[in-house]
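As provided, input17.csv (CSV, C-alpha atoms) reads as follows.
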```csv
chain,number,residue,atom,x,y,z
A,1,PRO,CA,0.0,0.0,0.0
A,2,LEU,CA,1.0,3.6,-0.5
A,3,GLN,CA,2.2,5.0,2.8
A,4,ARG,CA,2.1,8.5,4.2
A,5,ARG,CA,5.9,8.8,4.7
A,6,ALA,CA,6.7,9.6,1.0
A,7,GLY,CA,8.7,12.7,0.2
A,8,ALA,CA,7.5,15.5,-2.1
A,9,THR,CA,10.0,14.5,-4.8
A,10,VAL,CA,8.8,10.9,-4.6
A,11,ASP,CA,5.3,12.1,-5.2
A,12,ILE,CA,6.4,14.1,-8.3
A,13,SER,CA,8.5,11.3,-9.7
A,14,TRP,CA,5.8,8.7,-9.1
A,15,ALA,CA,3.1,10.9,-10.5
A,16,LEU,CA,5.1,11.7,-13.7
A,17,THR,CA,6.1,8.1,-14.3
A,18,VAL,CA,2.5,7.0,-13.9
A,19,TYR,CA,1.2,9.8,-16.1
A,20,LEU,CA,3.7,9.1,-18.9
A,21,ALA,CA,2.7,5.4,-18.8
A,22,ILE,CA,-1.0,6.2,-19.0
A,23,ALA,CA,-0.5,8.8,-21.7
A,24,THR,CA,1.5,6.3,-23.7
A,25,ALA,CA,-1.1,3.5,-23.2
A,26,LEU,CA,-4.0,5.9,-24.1
A,27,GLY,CA,-2.3,7.3,-27.2
A,28,THR,CA,-1.2,3.9,-28.4
A,29,ALA,CA,-4.6,2.3,-27.8
A,30,VAL,CA,-6.7,5.0,-29.6
A,31,GLY,CA,-4.2,5.1,-32.4
A,32,ALA,CA,-4.0,1.4,-32.9
A,33,LEU,CA,-7.8,1.1,-32.9
A,34,GLY,CA,-8.1,4.0,-35.4
A,35,VAL,CA,-10.4,6.0,-33.1
A,36,CYS,CA,-8.1,8.9,-32.3
A,37,ARG,CA,-10.8,11.6,-32.3
A,38,PRO,CA,-11.2,14.5,-29.8
A,39,GLY,CA,-14.4,13.2,-28.2
A,40,ILE,CA,-13.1,9.7,-27.7
A,41,VAL,CA,-9.8,11.0,-26.3
A,42,LEU,CA,-11.5,13.4,-23.9
A,43,GLY,CA,-13.9,10.7,-22.7
A,44,SER,CA,-11.2,8.1,-22.2
A,45,SER,CA,-9.0,10.7,-20.4
A,46,THR,CA,-11.8,11.6,-18.1
A,47,ILE,CA,-12.5,8.0,-17.2
A,48,VAL,CA,-8.8,7.3,-16.5
A,49,PHE,CA,-8.5,10.5,-14.4
A,50,ALA,CA,-11.6,9.6,-12.3
A,51,LEU,CA,-10.3,6.1,-11.7
A,52,GLY,CA,-6.8,7.4,-10.8
A,53,LEU,CA,-8.3,10.0,-8.4
A,54,LEU,CA,-10.4,7.3,-6.8
A,55,PHE,CA,-7.4,5.1,-6.3
A,56,LEU,CA,-5.3,7.9,-4.8
A,57,VAL,CA,-8.1,8.9,-2.4
A,58,ARG,CA,-8.7,5.3,-1.3
A,59,SER,CA,-5.0,4.5,-0.9
A,60,GLY,CA,-4.3,7.6,1.3
A,61,ARG,CA,-1.7,9.3,-0.9
A,62,PRO,CA,0.0,12.1,1.1
A,63,SER,CA,-0.5,15.7,0.4
A,64,PRO,CA,2.5,17.9,-0.4
A,65,ALA,CA,2.2,19.7,2.9
A,66,GLU,CA,2.9,16.4,4.7
A,67,SER,CA,6.1,15.7,2.9
A,68,VAL,CA,8.2,18.8,2.3
A,69,GLY,CA,9.9,18.6,5.7
A,70,PRO,CA,13.4,17.7,4.6
A,71,LEU,CA,13.8,20.9,2.4
A,72,SER,CA,13.0,23.1,5.4
A,73,ARG,CA,16.1,21.6,7.2
A,74,ALA,CA,18.5,22.3,4.3
A,75,GLY,CA,19.5,25.8,5.5
A,76,MET,CA,20.8,28.6,3.4
A,77,ALA,CA,22.4,26.3,0.8
A,78,GLY,CA,19.2,24.4,0.4
A,79,THR,CA,17.2,27.6,-0.1
A,80,LEU,CA,19.7,28.8,-2.7
A,81,ALA,CA,19.5,25.4,-4.4
A,82,VAL,CA,15.7,25.6,-4.5
A,83,GLY,CA,15.9,29.1,-5.9
A,84,ILE,CA,18.2,28.0,-8.7
A,85,GLY,CA,16.0,25.0,-9.5
A,86,VAL,CA,12.9,27.2,-9.7
A,87,CYS,CA,14.7,29.7,-12.0
A,88,LEU,CA,15.8,26.8,-14.2
A,89,PHE,CA,12.3,25.3,-14.4
A,90,VAL,CA,10.8,28.7,-15.3
A,91,SER,CA,13.4,29.2,-18.0
A,92,ALA,CA,12.9,25.7,-19.3
A,93,ALA,CA,9.1,26.3,-19.5
A,94,TRP,CA,9.6,29.4,-21.5
A,95,LEU,CA,12.0,27.6,-23.9
A,96,ALA,CA,9.6,24.7,-24.3
A,97,LEU,CA,6.4,26.7,-24.9
A,98,ALA,CA,7.6,30.0,-26.4
A,99,LEU,CA,10.3,29.0,-28.8
A,100,PRO,CA,9.5,27.2,-32.1
A,101,VAL,CA,10.9,23.7,-32.8
A,102,VAL,CA,14.0,24.1,-34.9
A,103,ASN,CA,15.6,20.7,-34.3
A,104,PHE,CA,16.2,18.9,-37.6
A,105,ASP,CA,15.1,15.5,-36.5
A,106,SER,CA,11.9,16.9,-35.0
A,107,LEU,CA,11.0,18.8,-38.2
A,108,ALA,CA,12.1,15.9,-40.5
A,109,TYR,CA,10.1,13.0,-39.1
A,110,HIS,CA,9.0,13.4,-35.5
A,111,LEU,CA,6.4,16.2,-36.0
A,112,PRO,CA,5.4,15.0,-39.5
A,113,THR,CA,4.7,11.6,-38.1
A,114,LEU,CA,2.6,13.0,-35.3
A,115,ALA,CA,0.7,15.2,-37.7
A,116,HIS,CA,0.0,12.2,-40.0
A,117,TRP,CA,-1.3,10.3,-37.0
A,118,VAL,CA,-3.6,13.1,-36.0
A,119,GLN,CA,-4.9,13.5,-39.6
A,120,THR,CA,-5.5,9.8,-40.1
A,121,GLY,CA,-6.5,8.9,-36.5
A,122,SER,CA,-4.2,5.8,-36.5
A,123,LEU,CA,-0.6,4.8,-36.1
A,124,GLU,CA,0.2,4.4,-39.7
A,125,GLY,CA,3.8,3.9,-40.9
A,126,VAL,CA,5.1,7.1,-42.5
A,127,ASP,CA,8.0,7.8,-44.9
A,128,HIS,CA,9.8,11.1,-44.7
A,129,LEU,CA,12.9,12.0,-46.6
A,130,GLY,CA,13.1,8.4,-47.8
A,131,LEU,CA,13.3,7.1,-44.3
A,132,GLN,CA,11.0,4.3,-43.3
A,133,ARG,CA,9.9,5.1,-39.8
A,134,CYS,CA,9.0,1.8,-38.3
A,135,LEU,CA,11.0,2.4,-35.2
A,136,PRO,CA,9.6,2.9,-31.7
A,137,MET,CA,8.0,6.3,-31.1
A,138,ALA,CA,6.3,6.0,-27.8
A,139,HIS,CA,7.1,9.7,-27.1
A,140,LEU,CA,4.8,10.7,-30.0
A,141,ALA,CA,2.1,8.4,-28.6
A,142,MET,CA,2.4,10.3,-25.3
A,143,ALA,CA,1.8,13.5,-27.1
A,144,LEU,CA,-1.0,12.2,-29.4
A,145,PRO,CA,-4.0,12.6,-27.1
A,146,SER,CA,-3.2,16.3,-26.2
A,147,THR,CA,-2.3,17.1,-29.8
A,148,VAL,CA,-5.6,15.6,-31.1
A,149,VAL,CA,-7.7,17.6,-28.6
A,150,ALA,CA,-5.7,20.9,-28.9
A,151,ARG,CA,-5.2,20.6,-32.7
A,152,SER,CA,-1.7,22.0,-32.1
A,153,ASP,CA,1.8,20.6,-31.5
A,154,VAL,CA,2.6,22.9,-28.6
A,155,PHE,CA,1.9,20.2,-26.1
A,156,ALA,CA,4.4,17.9,-27.9
A,157,SER,CA,7.1,20.4,-26.9
A,158,ALA,CA,5.6,20.7,-23.5
A,159,LEU,CA,6.0,17.0,-23.0
A,160,GLY,CA,9.7,17.5,-23.2
A,161,LEU,CA,9.4,19.8,-20.2
A,162,LEU,CA,7.9,17.0,-18.2
A,163,ALA,CA,10.9,14.8,-19.2
A,164,HIS,CA,13.3,17.5,-18.0
A,165,LEU,CA,11.4,17.8,-14.7
A,166,LEU,CA,11.4,14.0,-14.2
A,167,LEU,CA,15.1,13.9,-14.9
A,168,ALA,CA,15.8,16.6,-12.4
A,169,VAL,CA,13.6,15.1,-9.7
A,170,SER,CA,15.0,11.6,-10.3
A,171,VAL,CA,18.6,12.8,-10.1
A,172,TYR,CA,17.8,14.5,-6.8
A,173,GLN,CA,16.1,11.4,-5.5
A,174,LEU,CA,18.9,9.1,-6.5
A,175,ALA,CA,21.5,11.4,-4.9
A,176,ARG,CA,19.5,11.5,-1.7
A,177,ARG,CA,19.1,7.7,-1.5
A,178,ILE,CA,22.8,7.1,-1.9
A,179,GLY,CA,23.6,9.5,0.9
A,180,SER,CA,23.9,13.0,-0.5
A,181,GLY,CA,22.5,16.0,1.4
A,182,VAL,CA,19.4,18.0,0.3
A,183,ALA,CA,21.4,20.9,-1.1
A,184,HIS,CA,23.9,18.7,-2.9
A,185,GLY,CA,21.0,16.7,-4.5
A,186,ILE,CA,19.3,19.8,-5.7
A,187,LEU,CA,22.5,21.4,-7.0
A,188,GLY,CA,23.3,18.1,-8.8
A,189,ALA,CA,19.9,18.1,-10.5
A,190,ALA,CA,20.4,21.7,-11.5
A,191,LEU,CA,23.8,20.9,-12.9
A,192,VAL,CA,22.4,18.1,-15.0
A,193,LEU,CA,19.8,20.5,-16.5
A,194,THR,CA,22.5,22.9,-17.5
A,195,LEU,CA,24.4,20.4,-19.6
A,196,PRO,CA,24.7,21.7,-23.2
A,197,THR,CA,23.1,18.5,-24.7
A,198,ILE,CA,20.2,18.9,-22.3
A,199,LEU,CA,19.7,22.6,-23.0
A,200,ARG,CA,19.7,22.0,-26.7
A,201,SER,CA,16.8,19.5,-26.4
A,202,PHE,CA,14.2,21.9,-25.0
A,203,ALA,CA,13.1,23.2,-28.4
A,204,SER,CA,12.7,19.7,-29.9
A,205,VAL,CA,10.4,16.7,-30.0
A,206,GLN,CA,12.8,13.9,-29.3
A,207,SER,CA,12.9,11.0,-26.9
A,208,ASP,CA,16.5,11.2,-25.7
A,209,VAL,CA,15.9,13.2,-22.4
A,210,MET,CA,12.8,11.1,-21.8
A,211,LEU,CA,14.9,8.0,-22.1
A,212,GLY,CA,17.5,9.2,-19.6
A,213,ALA,CA,14.9,10.5,-17.2
A,214,LEU,CA,13.0,7.2,-17.1
A,215,PHE,CA,16.2,5.3,-16.7
A,216,VAL,CA,17.3,7.4,-13.7
A,217,ALA,CA,13.8,7.2,-12.3
A,218,ALA,CA,13.8,3.4,-12.6
A,219,LEU,CA,17.1,3.2,-10.6
A,220,SER,CA,15.8,5.6,-8.0
A,221,HIS,CA,12.5,3.8,-7.5
A,222,TRP,CA,14.3,0.4,-7.2
A,223,ILE,CA,16.6,1.7,-4.5
A,224,GLY,CA,13.5,3.1,-2.8
A,225,TYR,CA,11.8,-0.2,-2.9
A,226,TRP,CA,14.9,-2.1,-1.8
A,227,ARG,CA,15.1,0.2,1.3
A,228,GLU,CA,11.5,0.8,2.1
A,229,ARG,CA,9.6,-2.2,0.6
A,230,ARG,CA,6.8,0.1,-0.7
A,231,ALA,CA,4.7,-1.3,-3.5
A,232,SER,CA,4.4,2.2,-5.1
A,233,HIS,CA,8.2,2.1,-5.7
A,234,LEU,CA,8.0,-1.3,-7.3
A,235,ALA,CA,5.2,-0.2,-9.6
A,236,ALA,CA,7.0,2.9,-10.7
A,237,PHE,CA,10.1,0.9,-11.4
A,238,GLY,CA,8.2,-1.5,-13.6
A,239,LEU,CA,6.4,1.2,-15.5
A,240,ALA,CA,9.7,3.2,-16.1
A,241,VAL,CA,11.5,0.1,-17.3
A,242,ALA,CA,8.5,-0.8,-19.6
A,243,LEU,CA,8.5,2.6,-21.2
A,244,LEU,CA,12.2,2.5,-22.1
A,245,PRO,CA,12.0,0.1,-25.1
A,246,GLY,CA,9.2,2.1,-26.7
A,247,LEU,CA,11.2,5.3,-26.8
A,248,LYS,CA,14.2,4.1,-28.8
A,249,THR,CA,15.7,0.7,-29.8
A,250,THR,CA,18.6,1.5,-27.4
A,251,GLY,CA,15.9,1.6,-24.7
A,252,LEU,CA,16.1,-2.2,-24.8
A,253,VAL,CA,19.7,-1.9,-23.6
A,254,TYR,CA,18.9,0.5,-20.8
A,255,ALA,CA,15.9,-1.6,-19.7
A,256,GLY,CA,18.3,-4.6,-19.6
A,257,ILE,CA,20.8,-2.6,-17.5
A,258,ALA,CA,18.1,-1.5,-15.1
A,259,LEU,CA,16.7,-5.0,-14.7
A,260,GLY,CA,20.2,-6.4,-14.3
A,261,ILE,CA,21.0,-3.9,-11.5
A,262,ALA,CA,17.8,-4.7,-9.8
A,263,ALA,CA,18.5,-8.4,-10.0
A,264,LEU,CA,22.0,-8.0,-8.6
A,265,ALA,CA,20.8,-5.8,-5.8
A,266,HIS,CA,18.0,-8.1,-4.9
A,267,GLY,CA,20.1,-11.3,-5.2
A,268,SER,CA,22.5,-9.9,-2.6
A,269,VAL,CA,19.8,-10.2,0.1
A,270,ARG,CA,18.3,-13.7,0.0
A,271,ALA,CA,15.9,-13.0,2.8
A,272,ASP,CA,14.0,-10.5,0.7
A,273,ARG,CA,13.2,-12.9,-2.1
A,274,PRO,CA,10.0,-14.3,-0.5
A,275,ALA,CA,8.6,-10.8,0.1
A,276,LEU,CA,9.2,-9.8,-3.5
A,277,VAL,CA,7.7,-13.0,-4.9
A,278,ALA,CA,4.6,-12.6,-2.7
A,279,ALA,CA,4.2,-9.0,-3.8
A,280,LEU,CA,4.5,-10.0,-7.5
A,281,ARG,CA,1.8,-12.7,-7.1
A,282,THR,CA,-1.0,-10.4,-6.1
A,283,PRO,CA,-3.8,-9.8,-8.8
A,284,LEU,CA,-2.9,-6.1,-9.0
A,285,ALA,CA,0.8,-6.9,-9.5
A,286,LEU,CA,0.0,-9.5,-12.2
A,287,ALA,CA,-2.2,-7.0,-14.1
A,288,LEU,CA,0.5,-4.3,-13.9
A,289,SER,CA,3.1,-6.8,-15.1
A,290,ALA,CA,0.9,-7.6,-18.1
A,291,ALA,CA,0.5,-3.9,-18.8
A,292,CYS,CA,4.2,-3.3,-18.6
A,293,ALA,CA,4.9,-6.2,-21.0
A,294,ALA,CA,2.4,-4.7,-23.5
A,295,LEU,CA,4.0,-1.2,-23.2
A,296,ALA,CA,7.5,-2.7,-23.8
A,297,SER,CA,6.5,-4.9,-26.8
A,298,VAL,CA,3.7,-3.1,-28.7
A,299,TRP,CA,6.1,-1.0,-30.9
A,300,TYR,CA,8.1,-4.0,-31.9
A,301,LEU,CA,5.0,-5.9,-32.8
A,302,ARG,CA,3.9,-2.9,-34.9
A,303,SER,CA,7.3,-2.8,-36.6
A,304,ALA,CA,7.1,-6.5,-37.4
A,305,LEU,CA,3.7,-6.0,-39.0
A,306,LEU,CA,4.6,-2.9,-41.0
A,307,CYS,CA,8.2,-3.7,-41.9
A,308,GLY,CA,8.6,-7.4,-41.5
A,309,SER,CA,11.1,-7.0,-38.7
A,310,PRO,CA,10.7,-6.1,-35.0
A,311,PHE,CA,13.5,-3.5,-35.4
A,312,GLY,CA,12.2,-1.9,-38.5
A,313,VAL,CA,13.9,-1.4,-41.8
A,314,ALA,CA,16.7,1.1,-42.1
A,315,THR,CA,16.9,3.0,-45.3
A,316,SER,CA,18.9,6.0,-46.6
A,317,CYS,CA,18.5,8.3,-49.6
A,318,VAL,CA,21.2,7.6,-52.2
A,319,ALA,CA,20.8,11.1,-53.7
A,320,VAL,CA,19.1,14.3,-53.0
A,321,ASP,CA,16.7,13.9,-55.9
A,322,SER,CA,16.1,10.2,-55.3
A,323,PRO,CA,12.6,9.7,-53.8
A,324,GLN,CA,13.4,6.1,-52.9
A,325,GLY,CA,16.0,4.8,-50.4
A,326,THR,CA,18.2,1.8,-50.5
A,327,ALA,CA,18.0,-0.6,-47.6
A,328,TRP,CA,21.1,-0.8,-45.4
A,329,SER,CA,22.1,-3.7,-43.2
A,330,TRP,CA,22.9,-2.9,-39.6
A,331,GLY,CA,26.5,-3.7,-40.3
A,332,GLU,CA,26.6,-1.1,-43.0
A,333,LEU,CA,25.0,1.4,-40.8
A,334,PHE,CA,27.5,0.7,-38.0
A,335,ARG,CA,30.4,1.4,-40.4
A,336,THR,CA,29.1,5.0,-40.8
A,337,THR,CA,29.4,5.7,-37.0
A,338,ILE,CA,32.2,7.3,-35.1
A,339,ALA,CA,32.6,4.1,-33.1
A,340,ALA,CA,33.5,2.2,-36.2
A,341,ALA,CA,35.8,4.8,-37.7
A,342,PHE,CA,37.6,5.7,-34.5
A,343,ARG,CA,41.3,4.5,-34.3
A,344,VAL,CA,43.1,4.7,-31.0
A,345,ASP,CA,46.5,5.3,-32.7
A,346,ARG,CA,45.3,8.4,-34.5
A,347,ALA,CA,45.7,11.7,-32.6
A,348,SER,CA,43.2,13.5,-34.7
A,349,ASP,CA,40.5,11.0,-33.6
A,350,TRP,CA,41.2,11.7,-30.0
A,351,SER,CA,41.0,15.4,-30.6
A,352,THR,CA,37.6,15.0,-32.3
A,353,ALA,CA,36.4,12.8,-29.4
A,354,ARG,CA,37.5,15.4,-26.9
A,355,SER,CA,35.7,18.2,-28.8
A,356,ILE,CA,32.5,16.2,-29.0
A,357,ALA,CA,32.6,15.3,-25.3
A,358,LEU,CA,33.1,19.0,-24.3
A,359,ASP,CA,30.3,20.1,-26.6
A,360,ALA,CA,27.9,17.5,-25.2
A,361,ILE,CA,28.9,17.6,-21.5
A,362,GLY,CA,30.2,21.2,-21.1
A,363,ILE,CA,33.3,22.7,-19.7
A,364,ALA,CA,31.6,23.6,-16.4
A,365,PHE,CA,30.7,20.0,-15.7
A,366,VAL,CA,34.2,18.7,-16.5
A,367,THR,CA,35.7,21.4,-14.2
A,368,PHE,CA,33.2,20.4,-11.4
A,369,MET,CA,34.2,16.7,-11.8
```
Written as structure tokens, that's how I'd like the structure from this file.
Amino acid sequence: PLQRRAGATVDISWALTVYLAIATALGTAVGALGVCRPGIVLGSSTIVFALGLLFLVRSGRPSPAESVGPLSRAGMAGTLAVGIGVCLFVSAAWLALALPVVNFDSLAYHLPTLAHWVQTGSLEGVDHLGLQRCLPMAHLAMALPSTVVARSDVFASALGLLAHLLLAVSVYQLARRIGSGVAHGILGAALVLTLPTILRSFASVQSDVMLGALFVAALSHWIGYWRERRASHLAAFGLAVALLPGLKTTGLVYAGIALGIAALAHGSVRADRPALVAALRTPLALALSAACAALASVWYLRSALLCGSPFGVATSCVAVDSPQGTAWSWGELFRTTIAAAFRVDRASDWSTARSIALDAIGIAFVTFM
């Protein structure tokens, strides 16, 4: 059961994880059934909201006023850290809602795919720039219900704001659960949000930050379950891991890493195994496990139906004026990457790698480390 000793950040992380899972399930369901219309989406959302509110009321979920105590004991450093975090969040909200999307990938196939789904009311496969998009796009399914109702893609960018908020909260939680102080946890989360690669993702509709946020959230909630044995942590961990494969194919790797860490941590304490097995055998846990399996596999089933392969078909334009692409094997694609071309005995390659790392991570973060 959900207990009243949860922290405010736990509430935010738990709520965001559950919301993203519900939004993904709702968008995928109405799109797969071909009934993605405003009336159906609003009706379904209202029913889900009512059921969720009833569940929270009956389970005794704590109010924010009951769980913000630790921040009040952080002193001047904690107050400063909170102020920095609020300023960053306000700035991020402005970037996400006021600035137009200028990211190439977002304009090339993310937004066109979302627009096509809205127009057709289904999750049809779409070709853009000669690229067969049969890859996982759960982040677009998350944005589909709000886009259908609002008839605008502004909420697609706003969804990225939720991803950044989840990332910051999850980094803070994880830092606190491994022994960091309140101020250090908040400053660490603020530092992550100021990384160049994170800042550049605000005005985009991509799944990279969402992937990282859910991965960190999964680790944080597993540590929370390992220490407190709360079912809400276990549920959030399962939902976060289930969402990872649907965002990108690399999400399969991150989901495997999260499950591997969980298995190693749990295997180190044999006395806890009966409690976990008993928790997973309850009807609610079995239903949630089935939902997680569906969330993790639905996009690969779609790719298998549309493209003949669970991992889609990779194509590339052979010329600017060529409307058709030529299928590439995964080996041929790998040979075009930096990882394949990099040579340890070539100084210029190390210089390029250093420049890429500084551009992605930032000089301030390197100096801090």
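The spacing separating CA of Tyr19 (chain A) from CA of Leu252 (chain A) amounts to 21.0 Å.
Considering all atoms listed in the file, the residue among A:Leu140, A:Cys36, A:Leu166, A:Ala190 positioned nearest to Ala213 (chain A) is A:Leu166.
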Here's a test: counting all atoms listed in the file, identify every protein, DNA and RNA residue with an atom at most 9 Å from (19.4, 17.8, -3.5) in the file's coordinate frame, and state them as a ChimeraX atom specification.
/A:71,78,81-82,169,171-173,175-176,180-190
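Nearest residue to Gly224 (chain A) among A:Arg302, A:Lys248, A:Arg200, A:Arg177 is A:Arg177, counting only C-alpha atoms.
Of the residues under consideration (A:Ser232, A:Ser348, A:Ser297, A:Thr250), A:Ser297 shows the shortest atom-to-atom contact distance to Ala25 (chain A) when counting only C-alpha atoms.
Straight-line separation from CA of Pro145 (chain A) to CA of Cys87 (chain A): 29.5 Å.
Across A:Thr194, A:Thr24, A:Thr336, A:Ser303, the tightest approach to Ala360 (chain A) is made by A:Thr194 when counting all atoms listed in the file.
With CA of Ala21 (chain A) on one side and CA of Gly39 (chain A) on the other, the separation reads 21.0 Å.
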Could you give me, as a PyMOL selection string, the residues that have an atom at most 12 Å away from the point (9.7, 0.2, -20.6) in the coordinates of the file, using all atoms listed in the file?
chain A and resi 17-18+20-21+24-25+136+138-139+210-212+214-215+217-218+235-259+289+291-299
Counting only C-alpha atoms, the residue among A:Arg37, A:Arg354, A:Arg346, A:Arg229 that lies closest to Ser122 (chain A) is A:Arg37
